[in-house]
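Working notes for the structure below.
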Amino acid sequence: MITLCGFSLSNYFNKVKLVLLEKGIPFTEERVMTKSTDEAVLSCTPLGKIPFIRTEQGPLCESQAIVDYLEAIEPKNPLTPADPYAAAKVRELVIFIELHLELVARELYGQAFFGGSADEATKERARKLLTKHIAGFKRLAKFAPYVAGDSFTQADCSAYVNLPLVAMASKSVLGEDLLAAAGIDWKAYAKLIGERPSAQRVAADRKADAERMAAAAKT
Ligand SMILES: N[C@@H](CCC(=O)N[C@@H](CS)C(=O)NCC(=O)O)C(=O)O
């Protein structure tokens, strides 16, 4: 049995959870927080990042490595096309979303979500890069109706958890939802994906986790 380690507020944790649910792979969850200095955790995820999984053969970190592993051990309910080129185009989108959009927007999360503040240089850099990268993403993304075309794929598991963060962080810190400003109707897309039972479970667990953490912060 796979154990998914991390917590439900994390976008990358939720990406993997969506894949597990969509593919119907049984799993349990283990709550592990970030920035651990515990040797037992670092031996599974050397940078202390989440998610990671425990398998019968050992641990595995990095969400895309995990997702590819899950695809390999459970071919049922495929989330990548059989055609090698089409499969590579799906991965291209995942990389684009995570490296060029989410990782840039992440510079703004401290101010957007955690009560911190970003300096002007950070904001300007994020605005410049996001504007350029979102224009690039628009050239690749299909939204027809799924992000890679007419089938639900791994790329949707990434887009569904990451695009709202990019939009909310840019709106909150830069004063403008840069995805919407570029003509990407991410809300309609999120609504479509949000109708799936997998996404509903992820959203419910994330909400419960947010409430639990807010209550813990008060005590
Ligand atoms: N490339 C990693 C990114 C994972 C990641 O950044 N996770 C965040 C939580 S959403 C984290 O662990 N942050 C803590 C840190 O970077 O120290 C993946 O795809 O798994």
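Here's how to read the names in the structure tokens: chain A, B, ... by the order shown, residue numbers from 1 in each chain, ligand numbers from 1 in the order shown.
Identified as lying at most 6 Å from ligand 1 when counting only C-alpha atoms and all ligand atoms are the residues Ser10, Asn11, Tyr12, Thr34, Lys35, Gly48, Lys49, Ile50, Pro51, Glu62, Ser63 and Gln64 of chain A.
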Could you find all residues in stretch 8-174 of chain A that DSSP calls helix (DSSP H, G or I) from the backbone, and write them as a count of residues only? 100
Let's see if you can do this: from backbone DSSP, list all strand (DSSP E or B) residues in stretch 34-140 of chain A, as an MDAnalysis selection string. chainID A and resid 52:55 58:61
Residues within 12 Å of A:Ala159, please, as a VMD selection string. Count only C-alpha atoms; anything in the same chain fewer than 4 positions from it doesn't count. chain A and resid 11 to 12 14 to 15 18 90 to 91 93 to 98 101 to 102 137 141 to 143 146 to 148 152 to 155 163 to 167 186 to 187 189 to 190 193 to 194 199
Judged by only C-alpha atoms, the minimum distance to A:Cys61 among A:Asp83, A:Ile25, A:Phe13, A:Asn77 is found for A:Phe13
Need the shell around A:Leu130: protein/DNA/RNA residues with any atom at most 9 Å away, counting only C-alpha atoms. Skip same-chain ones fewer than 6 positions apart. Format as a PyMOL selection string? chain A and resi 100-101+104-105+166+170+178-179
Residues as selected, C-alpha atoms, written as a PDB file, in the first residue's frame, can you do that?
ATOM      1  CA  HIS A 100       7.706  28.652 -15.250  1.00  0.00           C
ATOM      2  CA  LEU A 101       4.456  29.586 -13.499  1.00  0.00           C
ATOM      3  CA  VAL A 104       7.849  32.065 -10.041  1.00  0.00           C
ATOM      4  CA  ALA A 105       4.530  32.824  -8.307  1.00  0.00           C
ATOM      5  CA  VAL A 166      -0.695  31.767  -9.601  1.00  0.00           C
ATOM      6  CA  SER A 170      -0.522  37.764  -8.511  1.00  0.00           C
ATOM      7  CA  LEU A 178      -2.082  37.886 -14.413  1.00  0.00           C
ATOM      8  CA  LEU A 179      -3.704  34.706 -15.749  1.00  0.00           C
TER       9      LEU A 179
END
